[in-house]
$ cat entry11.cif   # mmCIF, C-alpha atoms
data_protein
loop_
_atom_site.label_atom_id
_atom_site.label_comp_id
_atom_site.auth_asym_id
_atom_site.auth_seq_id
_atom_site.Cartn_x
_atom_site.Cartn_y
_atom_site.Cartn_z
CA MET A 1 131.48 99.03 123.16
CA SER A 2 131.87 95.90 121.07
CA GLY A 3 135.39 95.00 120.05
CA GLY A 4 136.98 98.01 121.79
CA PRO A 5 137.98 101.25 120.11
CA VAL A 6 141.60 100.22 119.73
CA SER A 7 140.95 97.12 117.68
CA ARG A 8 138.75 99.09 115.25
CA ASN A 9 141.28 101.95 114.77
CA ALA A 10 144.58 100.32 113.81
CA SER A 11 147.25 102.92 113.26
CA PRO A 12 149.50 102.69 110.17
CA ASN A 13 152.35 104.10 112.25
CA GLY A 14 152.62 100.91 114.33
CA LEU A 15 151.41 102.44 117.59
CA HIS A 16 149.16 99.44 118.30
CA ALA A 17 151.75 96.72 118.52
CA GLY A 18 150.30 94.24 121.00
CA ALA A 19 147.31 91.96 120.96
CA SER A 20 146.26 93.48 124.23
CA GLY A 21 145.38 96.67 122.41
CA VAL A 22 147.56 98.99 124.57
CA PRO A 23 149.35 101.67 122.55
CA ALA A 24 153.12 101.75 122.57
CA GLY A 25 153.21 105.36 123.66
CA ALA A 26 150.80 104.95 126.53
CA SER A 27 153.50 105.62 129.12
CA GLU A 28 154.04 109.10 127.70
CA LEU A 29 150.41 109.99 128.12
CA HIS A 30 149.97 108.33 131.46
CA ALA A 31 153.15 108.48 133.49
CA SER A 32 151.75 106.83 136.61
CA PRO A 33 148.62 105.06 137.73
CA SER A 34 147.67 108.17 139.64
CA GLY A 35 147.91 110.18 136.46
CA VAL A 36 145.39 107.98 134.67
CA HIS A 37 142.57 109.31 136.75
CA ALA A 38 143.97 112.73 137.48
CA GLY A 39 141.06 114.51 135.84
CA PRO A 40 140.07 115.68 132.41
CA ASN A 41 142.58 118.56 132.39
CA GLU A 42 145.56 116.22 132.87
CA LEU A 43 144.67 113.60 130.23
CA ARG A 44 146.78 115.37 127.60
CA THR A 45 149.80 117.42 128.78
CA SER A 46 150.59 118.94 125.40
CA PRO A 47 149.29 118.99 121.87
CA ALA A 48 152.26 116.93 120.67
CA GLU A 49 151.57 114.21 123.20
CA ALA A 50 147.86 114.41 122.51
CA HIS A 51 148.44 113.55 118.85
CA ALA A 52 150.93 110.80 119.61
CA SER A 53 148.08 108.31 119.92
CA PRO A 54 144.79 109.14 118.16
CA VAL A 55 142.76 106.85 120.40
CA PRO A 56 143.05 106.81 124.23
CA PRO A 57 143.15 103.49 126.07
CA GLU A 58 139.90 101.84 127.05
CA ALA A 59 140.23 102.74 130.72
CA ASP A 60 140.61 106.42 129.88
CA LEU A 61 137.71 106.30 127.38
CA ALA A 62 135.47 104.95 130.10
CA GLU A 63 136.63 107.78 132.38
CA GLN A 64 135.85 110.31 129.63
CA GLN A 65 132.35 108.92 129.16
CA ALA A 66 131.78 109.28 132.90
CA SER A 67 132.74 112.95 132.77
CA PRO A 68 130.76 115.33 130.49
CA GLY A 69 133.67 117.70 130.18
CA ALA A 70 136.11 115.00 129.18
CA ARG A 71 133.58 113.51 126.70
CA SER A 72 133.43 116.78 124.81
CA ALA A 73 137.22 116.90 124.61
CA SER A 74 137.55 113.40 123.12
CA PRO A 75 137.79 113.29 119.32
CA MET A 76 136.28 109.76 119.15
CA PRO A 77 132.54 109.37 118.38
CA GLN A 78 130.37 107.13 120.53
CA ASP A 79 129.79 103.56 119.44
CA THR A 80 126.64 103.49 117.30
CA ALA A 81 126.15 99.75 117.90
CA THR A 82 125.24 100.29 121.53
CA ALA A 83 123.57 103.69 121.17
CA THR A 84 119.89 103.81 122.14
CA PRO A 85 117.59 104.31 119.12
CA PRO A 86 115.74 107.62 119.06
CA ARG A 87 112.28 107.62 120.54
CA SER A 88 110.73 108.59 117.21
CA THR A 89 112.23 105.44 115.62
CA LYS A 90 110.74 103.24 118.33
CA GLN A 91 107.33 104.89 117.94
CA GLY A 92 107.42 104.49 114.17
CA ALA A 93 108.26 100.80 114.45
CA ASN A 94 105.47 100.31 116.98
CA VAL A 95 102.92 102.03 114.74
CA HIS A 96 103.96 99.89 111.77
CA ALA A 97 103.58 96.76 113.88
CA TRP A 98 99.99 97.71 114.71
CA VAL A 99 99.32 98.46 111.05
CA GLU A 100 100.46 94.92 110.24
CA LEU A 101 98.45 93.39 113.06
CA LEU A 102 95.20 95.14 112.12
CA ARG A 103 95.71 94.72 108.32
CA LEU A 104 94.72 98.35 107.76
CA PRO A 105 94.59 98.09 103.92
CA ALA A 106 91.77 95.56 104.30
CA LEU A 107 89.66 98.23 106.00
CA PHE A 108 88.77 99.63 102.58
CA THR A 109 86.68 96.49 101.98
CA VAL A 110 84.42 97.16 104.99
CA PRO A 111 82.37 100.33 104.20
CA GLY A 112 80.94 98.72 101.07
CA ASP A 113 79.14 96.15 103.22
CA ALA A 114 76.95 98.75 104.90
CA LEU A 115 76.49 100.77 101.70
CA ALA A 116 75.46 97.73 99.67
CA GLY A 117 73.21 96.62 102.53
CA ALA A 118 71.39 99.94 102.64
CA ALA A 119 70.92 99.92 98.86
CA ALA A 120 69.71 96.31 98.85
CA ALA A 121 67.23 97.06 101.66
CA GLY A 122 65.71 99.86 99.57
CA ALA A 123 67.02 102.74 101.71
CA SER A 124 69.26 105.67 100.95
CA PRO A 125 72.46 106.15 102.96
CA ASN A 126 71.90 108.37 106.00
CA PRO A 127 73.75 109.22 109.24
CA ARG A 128 72.76 105.84 110.68
CA THR A 129 74.60 104.22 107.78
CA LEU A 130 77.77 106.01 108.88
CA VAL A 131 77.23 104.59 112.37
CA ALA A 132 76.91 101.11 110.89
CA ILE A 133 80.15 101.61 108.95
CA ALA A 134 81.99 102.73 112.09
CA SER A 135 80.65 99.74 114.03
CA SER A 136 81.69 97.37 111.24
CA LEU A 137 85.20 98.81 111.16
CA CYS A 138 85.64 98.27 114.89
CA LEU A 139 84.33 94.70 114.80
CA TYR A 140 86.45 93.89 111.76
CA GLU A 141 89.63 95.13 113.43
CA ALA A 142 88.70 93.27 116.61
CA GLY A 143 88.61 90.09 114.55
CA MET A 144 92.04 90.83 113.08
CA ALA A 145 93.67 91.36 116.48
CA LEU A 146 91.95 88.31 117.93
CA ASN A 147 92.98 86.21 114.93
CA ASP A 148 96.68 86.86 115.50
CA TRP A 149 96.32 86.32 119.24
CA ALA A 150 94.72 82.92 118.65
CA ASP A 151 97.32 81.98 115.98
CA ARG A 152 100.42 83.19 117.82
CA ALA A 153 101.82 79.67 118.35
CA GLU A 154 101.24 78.66 114.73
CA ASP A 155 102.61 81.96 113.44
CA ALA A 156 105.81 81.43 115.45
CA VAL A 157 106.52 78.53 113.08
CA ASP A 158 104.92 79.58 109.79
CA ARG A 159 105.03 83.41 110.03
CA PRO A 160 107.71 84.42 112.53
CA HIS A 161 107.83 87.92 111.03
CA ARG A 162 104.35 88.81 112.26
CA PRO A 163 104.01 91.33 115.11
CA LEU A 164 103.22 88.84 117.90
CA PRO A 165 105.79 86.08 117.26
CA SER A 166 108.46 88.70 116.49
CA GLY A 167 107.83 90.34 119.86
CA ARG A 168 106.90 93.77 118.47
CA ILE A 169 103.45 93.52 120.07
CA SER A 170 102.67 91.53 123.19
CA PRO A 171 99.84 88.97 123.17
CA THR A 172 98.22 90.78 126.09
CA ALA A 173 98.06 94.02 124.11
CA ALA A 174 96.56 92.25 121.10
CA LEU A 175 93.87 90.58 123.22
CA ALA A 176 93.08 93.86 124.96
CA ALA A 177 92.73 95.58 121.59
CA ALA A 178 90.32 92.89 120.40
CA GLY A 179 88.15 93.31 123.48
CA GLY A 180 88.18 97.09 123.34
CA LEU A 181 87.33 97.24 119.65
CA THR A 182 84.48 94.78 120.12
CA ALA A 183 83.01 96.90 122.91
CA ALA A 184 83.36 100.03 120.78
CA GLY A 185 81.62 98.38 117.83
CA LEU A 186 78.67 97.28 119.95
CA ALA A 187 78.41 100.69 121.60
CA LEU A 188 78.29 102.39 118.21
CA ALA A 189 75.62 99.99 116.94
CA SER A 190 73.48 100.66 120.01
CA THR A 191 73.23 104.33 119.06
CA ALA A 192 71.43 103.29 115.86
CA GLY A 193 68.75 101.30 117.69
CA ARG A 194 67.92 97.87 119.04
CA ARG A 195 67.80 96.07 115.72
CA PRO A 196 71.28 97.22 114.63
CA LEU A 197 72.60 96.30 118.07
CA ALA A 198 71.10 92.81 117.74
CA VAL A 199 72.73 92.29 114.33
CA ALA A 200 76.05 93.69 115.59
CA GLY A 201 75.89 91.37 118.59
CA ALA A 202 75.39 88.37 116.33
CA LEU A 203 78.28 89.58 114.18
CA ALA A 204 80.60 89.96 117.19
CA ALA A 205 79.65 86.50 118.48
CA THR A 206 80.40 85.01 115.06
CA VAL A 207 83.80 86.71 114.88
CA TRP A 208 84.90 85.52 118.31
CA SER A 209 83.57 82.01 117.70
CA TYR A 210 85.46 81.78 114.43
CA ASP A 211 88.79 82.96 115.80
CA LEU A 212 88.72 80.95 119.02
CA VAL A 213 86.84 77.77 118.12
CA LEU A 214 85.66 77.29 114.54
CA LYS A 215 88.64 78.38 112.46
CA ARG A 216 90.27 74.96 112.20
CA THR A 217 87.01 73.04 111.84
CA PRO A 218 84.95 72.40 108.70
CA ALA A 219 82.55 75.10 109.93
CA GLY A 220 85.25 77.77 109.78
CA PRO A 221 84.63 79.04 106.24
CA VAL A 222 80.88 79.00 106.85
CA ALA A 223 81.30 81.12 109.98
CA MET A 224 83.42 83.66 108.11
CA ALA A 225 80.83 83.82 105.32
CA ALA A 226 78.11 84.40 107.92
CA ALA A 227 80.12 87.25 109.41
CA ARG A 228 80.31 89.09 106.08
CA SER A 229 76.63 88.50 105.41
CA LEU A 230 75.71 89.89 108.82
CA ASP A 231 77.88 92.92 108.17
CA LEU A 232 75.90 93.71 105.02
CA LEU A 233 72.61 93.19 106.86
CA LEU A 234 73.81 95.58 109.56
CA GLY A 235 73.92 98.35 106.98
CA GLY A 236 70.40 97.54 105.80
CA VAL A 237 68.94 97.45 109.30
CA ALA A 238 70.70 100.63 110.38
CA ALA A 239 69.25 102.50 107.38
CA ASN A 240 65.71 101.37 108.38
CA GLY A 241 65.40 99.31 105.24
CA ASP A 242 63.61 96.03 104.57
CA ILE A 243 66.04 93.35 105.70
CA ARG A 244 64.27 90.70 103.63
CA ARG A 245 65.14 92.54 100.43
CA ALA A 246 68.80 92.58 101.47
CA LEU A 247 69.04 88.81 101.90
CA PRO A 248 70.02 88.02 98.26
CA SER A 249 72.90 90.50 98.37
CA ALA A 250 74.00 89.16 101.76
CA LEU A 251 73.96 85.64 100.34
CA ALA A 252 76.06 86.68 97.34
CA LEU A 253 78.70 88.38 99.51
CA GLY A 254 78.73 85.44 101.90
CA THR A 255 79.24 82.98 99.03
CA HIS A 256 82.26 84.91 97.80
CA THR A 257 83.67 85.04 101.34
CA LEU A 258 83.17 81.29 101.70
CA ALA A 259 85.27 80.66 98.58
CA VAL A 260 88.07 83.03 99.64
CA THR A 261 88.22 81.57 103.16
CA THR A 262 88.43 78.05 101.77
CA VAL A 263 91.43 79.06 99.67
CA SER A 264 93.07 80.83 102.63
CA ARG A 265 93.30 77.60 104.61
CA HIS A 266 96.22 76.57 102.37
CA GLU A 267 98.07 79.88 102.17
CA THR A 268 100.97 78.89 104.44
CA GLN A 269 101.84 75.47 103.04
CA GLY A 270 100.11 75.37 99.68
CA GLY A 271 97.91 72.48 98.65
CA SER A 272 95.82 71.03 95.86
CA PRO A 273 94.41 73.16 93.05
CA TRP A 274 90.83 72.25 93.92
CA ALA A 275 90.26 75.18 96.27
CA PRO A 276 91.35 77.81 93.69
CA LEU A 277 89.33 76.04 91.01
CA SER A 278 86.22 76.11 93.19
CA GLY A 279 86.89 79.80 93.82
CA LEU A 280 87.03 80.39 90.05
CA ALA A 281 83.70 78.64 89.57
CA THR A 282 82.13 80.65 92.38
CA THR A 283 83.42 83.92 90.93
CA ALA A 284 82.00 83.14 87.49
CA ALA A 285 78.63 82.13 88.93
CA LEU A 286 78.34 85.28 91.03
CA ALA A 287 79.29 87.59 88.18
CA TRP A 288 76.70 85.94 85.94
CA SER A 289 73.97 86.02 88.59
CA ILE A 290 74.51 89.73 89.30
CA THR A 291 73.89 90.70 85.67
CA ARG A 292 71.03 88.24 85.20
CA ASP A 293 69.17 89.07 88.42
CA GLY A 294 69.61 92.75 87.76
CA SER A 295 68.14 92.55 84.26
CA GLU A 296 65.08 90.75 85.62
CA ARG A 297 64.70 93.27 88.41
CA ASP A 298 64.66 96.13 85.90
CA ARG A 299 61.45 94.74 84.48
CA GLN A 300 59.68 94.93 87.85
CA PRO A 301 59.47 98.07 89.99
CA PRO A 302 60.15 98.04 93.71
CA GLU A 303 57.08 97.46 95.84
CA ARG A 304 56.93 101.04 97.10
CA ASP A 305 57.10 102.35 93.50
CA ARG A 306 54.29 100.03 92.42
CA GLN A 307 52.16 101.20 95.32
CA ALA A 308 52.89 104.86 94.53
CA GLY A 309 51.90 104.26 90.92
CA ARG A 310 48.62 102.64 91.96
CA ASP A 311 47.84 105.55 94.27
CA ARG A 312 48.69 108.10 91.58
CA HIS A 313 46.50 106.44 88.97
CA ALA A 314 43.68 106.05 91.48
CA GLY A 315 43.77 109.78 92.11
CA GLN A 316 43.83 110.59 88.41
CA ASP A 317 40.95 108.27 87.57
CA ARG A 318 38.54 109.89 90.00
CA GLN A 319 37.05 113.34 90.06
CA PRO A 320 36.90 115.43 93.25
CA GLY A 321 33.35 114.23 93.86
CA GLY A 322 34.44 110.63 93.87
CA THR A 323 33.11 109.67 90.43
CA ARG A 324 35.29 108.06 87.85
CA ASN A 325 36.77 110.25 85.13
CA PRO A 326 36.66 108.19 81.96
CA GLY A 327 38.77 110.71 80.10
CA ARG A 328 41.78 109.86 82.20
CA ASP A 329 41.60 106.11 81.82
CA ARG A 330 44.91 104.45 81.20
CA LYS A 331 45.61 102.75 77.94
CA PRO A 332 45.15 99.00 78.10
CA GLY A 333 48.28 96.95 78.31
CA ARG A 334 50.44 99.80 79.49
CA GLY A 335 53.18 98.51 81.79
CA TRP A 336 55.31 100.15 84.45
CA GLN A 337 58.37 102.09 83.44
CA PRO A 338 61.12 103.35 85.76
CA GLY A 339 60.79 107.04 86.53
CA GLY A 340 57.03 107.27 85.77
CA ASP A 341 54.82 107.20 82.71
CA ARG A 342 55.49 110.73 81.55
CA GLN A 343 59.11 110.24 80.42
CA PRO A 344 59.49 106.72 79.04
CA GLY A 345 62.56 107.59 76.96
CA ARG A 346 64.41 109.04 79.90
CA ALA A 347 63.54 106.07 82.09
CA ALA A 348 64.75 103.65 79.44
CA ALA A 349 68.06 105.50 79.19
CA THR A 350 68.46 105.38 82.98
CA ALA A 351 67.78 101.64 83.03
CA ALA A 352 70.30 101.11 80.24
CA ASN A 353 72.95 103.09 82.11
CA LEU A 354 72.33 101.07 85.25
CA MET A 355 72.65 97.86 83.31
CA SER A 356 75.93 99.02 81.78
CA LEU A 357 77.32 100.07 85.16
CA ARG A 358 76.31 96.80 86.74
CA GLY A 359 77.89 94.80 83.94
CA ALA A 360 81.14 96.78 84.12
CA LEU A 361 81.40 96.35 87.89
CA ALA A 362 80.66 92.64 87.63
CA ALA A 363 83.44 92.33 85.04
CA VAL A 364 85.89 94.18 87.31
CA TYR A 365 84.94 91.87 90.17
CA ALA A 366 85.50 88.77 88.05
CA ALA A 367 88.85 89.99 86.74
CA THR A 368 90.13 91.00 90.19
CA ALA A 369 89.30 87.65 91.77
CA ALA A 370 89.81 85.26 88.85
CA ARG A 371 93.33 86.10 87.71
CA PRO A 372 95.20 85.24 90.97
CA LEU A 373 92.91 82.24 91.48
CA PHE A 374 93.85 80.94 88.05
CA HIS A 375 97.55 81.27 88.84
CA ALA A 376 97.08 79.48 92.17
CA ALA A 377 95.20 76.68 90.42
CA LEU A 378 98.10 76.17 88.03
CA ASN A 379 100.67 76.28 90.83
CA PRO A 380 99.17 76.03 94.35
CA SER A 381 102.33 77.26 96.09
CA PRO A 382 102.09 79.27 99.32
CA GLN A 383 103.09 82.50 97.59
CA LEU A 384 100.54 82.23 94.77
CA THR A 385 97.87 81.05 97.19
CA GLN A 386 98.42 84.12 99.35
CA ARG A 387 98.09 86.31 96.27
CA ALA A 388 94.82 84.58 95.43
CA VAL A 389 93.52 85.30 98.93
CA GLY A 390 94.57 88.93 98.68
CA GLY A 391 92.89 89.24 95.28
CA GLY A 392 89.73 87.75 96.71
CA ILE A 393 89.70 90.27 99.52
CA ARG A 394 90.20 93.19 97.12
CA ALA A 395 87.48 91.80 94.83
CA MET A 396 84.92 92.39 97.57
CA ILE A 397 84.89 96.10 96.72
CA PRO A 398 83.73 95.77 93.07
CA LEU A 399 81.36 93.02 94.21
CA GLN A 400 79.77 95.35 96.77
CA ALA A 401 79.55 98.08 94.12
CA ALA A 402 77.91 95.69 91.65
CA LEU A 403 75.37 94.64 94.27
CA ALA A 404 74.54 98.29 94.95
CA ALA A 405 74.11 98.93 91.21
CA ARG A 406 71.86 95.89 90.95
CA SER A 407 69.73 97.40 93.70
CA GLY A 408 69.29 100.59 91.67
CA ALA A 409 71.76 102.81 93.57
CA PRO A 410 74.33 104.03 91.02
CA VAL A 411 75.74 106.78 93.23
CA THR A 412 76.34 104.33 96.08
CA ALA A 413 77.92 101.91 93.62
CA LEU A 414 80.35 104.51 92.33
CA LEU A 415 81.28 105.65 95.84
CA THR A 416 82.00 102.06 96.81
CA ALA A 417 84.04 101.37 93.68
CA ALA A 418 86.17 104.46 94.42
CA LEU A 419 87.65 102.61 97.43
CA ALA A 420 89.33 99.99 95.23
CA PRO A 421 92.40 102.02 94.13
CA ALA A 422 93.25 102.92 97.72
CA ALA A 423 92.94 99.28 98.82
CA ARG A 424 95.23 98.17 96.02
CA ARG A 425 97.80 100.89 96.71
CA PHE A 426 98.08 100.30 100.44
CA GLY A 427 97.86 96.55 99.97
CA ARG A 428 101.24 96.67 98.24
CA LYS A 429 102.83 98.03 101.43
CA VAL A 430 101.07 95.91 104.05
CA SER A 431 99.73 92.43 103.44
CA MET A 432 95.96 91.92 103.73
CA THR A 433 96.33 88.28 104.76
#

$ encode --input "entry11.cif" --output "structure tokens"
Amino acid sequence: MSGGPVSRNASPNGLHAGASGVPAGASELHASPSGVHAGPNELRTSPAEAHASPVPPEADLAEQQASPGARSASPMPQDTATATPPRSTKQGANVHAWVELLRLPALFTVPGDALAGAAAAGASPNPRTLVAIASSLCLYEAGMALNDWADRAEDAVDRPHRPLPSGRISPTAALAAAGGLTAAGLALASTAGRRPLAVAGALAATVWSYDLVLKRTPAGPVAMAAARSLDLLLGGVAANGDIRRALPSALALGTHTLAVTTVSRHETQGGSPWAPLSGLATTAALAWSITRDGSERDRQPPERDRQAGRDRHAGQDRQPGGTRNPGRDRKPGRGWQPGGDRQPGRAAATAANLMSLRGALAAVYAATAARPLFHAALNPSPQLTQRAVGGGIRAMIPLQAALAARSGAPVTALLTAALAPAARRFGRKVSMT
């Protein structure tokens, strides 16, 4: 017990006269050395003597702590400085350390990759899309654990509060978690087929290469951008979509990731404003391209819709005997309209709604990413740079939603956008960077 109970309980009656901490009336309580250890029933001979000194000497307090019966008779509480924390407190601290290590708020930015990939590949979300999301979550968290394991020496200087340098999680446990999560992600992808497993394998190889080798090289941001692009393609392949159609969306998400990763290289020590300025330019270009590409795509139907229209008109233009029915000829110059030729007004309204949704999501993306980047460009301090990186990570959600809307999947876009409030809320409690 630090400091001793006597020094912390000075009596106003002058019972504690000496520097040694022995009470003046100790001889009345303990008449002989043999009486000091006579047993718990002989520590106090009478109530008057018991109240003569409110705190027993240190030797007797140790004897009372050794005896359960004597401990219950002592009026002094145990020293809280040396008391063992409850097990629930230890478990709570350990859970919070893992939440910090794995950056759990950033997980809300992962499902949109697979959803946007499925929409861009021309497929509707299905159970295989859920498998792709689960695989992506595992591989993403594997990269987070491996990142801190690889940066543990640097974090001991720049971020000593992180779980590994602070000793709350051992490096061995972090490395084991990275390996286990990688294996789980690949196992989940294998249940969706060979093609998803191949894409997931390339994604895992990119993640490990970035954390262990490429992070501090000029190829680091490119590797991180490739990882995000592969994650979107994983969703398209798992949904049995056309991976070639998903390439533009994968390129857009990878470009945004490239800009955010470039800014993140200066988040501990700050730097020049050129990285945030380049991020601002990238954000503006992506927001503009999403609305422009989408408006052009509205004028042309998907290939499968064009083929269905050709087949439908071919069946209408011919009679059962195989001869042409001139009465059902199409009007010259009639173009394709979304939703079919029978309801042009309804199709036009649907296209207008999609355009409005896409524009709104692109604006949300630009606002989420641009504001902290602008502040970091004005003052590239470590704190503002970290905020810019966090804003760039959160901006991935409206970007994924805008890409899904551009692909003609409004329901998928709205489901993806619904993840943004949760990411922002939990990001205030645990840092995403």

$ resolve_selection --input "entry11.cif" --expression "the PyMOL selection byres ((chain A and resi 243) around 9)" --output "ChimeraX atom specification"
/A:117,120-122,233-234,236-237,240-242,244-247

$ resolve_selection --input "entry11.cif" --expression "the PyMOL selection byres ((chain A and resi 220) around 10)" --output "PyMOL selection string"
chain A and resi 209-211+213-219+221-226+258+261-262+265

$ residues_around --input "entry11.cif" --residues "Pro165 of chain A" --least-positions-apart "2" --cutoff "8 Å" --atoms "all atoms listed in the file" --output "ChimeraX atom specification"
/A:152-153,155-156,159-163,167-168

$ residues_around --input "entry11.cif" --residues "Thr385 of chain A" --least-positions-apart "5" --cutoff "8 Å" --atoms "all atoms listed in the file" --output "PyMOL selection string"
chain A and resi 263-264+266-267+270+372-373+376+380

$ resolve_selection --input "entry11.cif" --expression "the PyMOL selection byres ((chain A and resi 190) around 12)" --output "NGL selection string"
:A and (128 or 131-132 or 134-135 or 183-189 or 191-201 or 234 or 238)

$ atom_distance --input "entry11.cif" --atom1 "atom CA of Gly279 of chain A" --atom2 "atom CA of Arg228 of chain A"
16.7 Å

$ closest_residue --input "entry11.cif" --among "A:Ala413, A:Asn147, A:Gly390, A:Gly235" --to "Val430 of chain A" --atoms "only C-alpha atoms"
A:Gly390

$ residues_around --input "entry11.cif" --residues "Ala174 of chain A" --least-positions-apart "5" --cutoff "9 Å" --atoms "all atoms listed in the file" --output "PDB file with C-alpha atoms, keeping the file's coordinate frame"
ATOM      1  CA  LEU A 101      98.450  93.390 113.060  1.00  0.00           C
ATOM      2  CA  ALA A 145      93.670  91.360 116.480  1.00  0.00           C
ATOM      3  CA  LEU A 146      91.950  88.310 117.930  1.00  0.00           C
ATOM      4  CA  ASP A 148      96.680  86.860 115.500  1.00  0.00           C
ATOM      5  CA  TRP A 149      96.320  86.320 119.240  1.00  0.00           C
ATOM      6  CA  LEU A 164     103.220  88.840 117.900  1.00  0.00           C
ATOM      7  CA  ILE A 169     103.450  93.520 120.070  1.00  0.00           C
ATOM      8  CA  GLY A 179      88.150  93.310 123.480  1.00  0.00           C
TER       9      GLY A 179
END
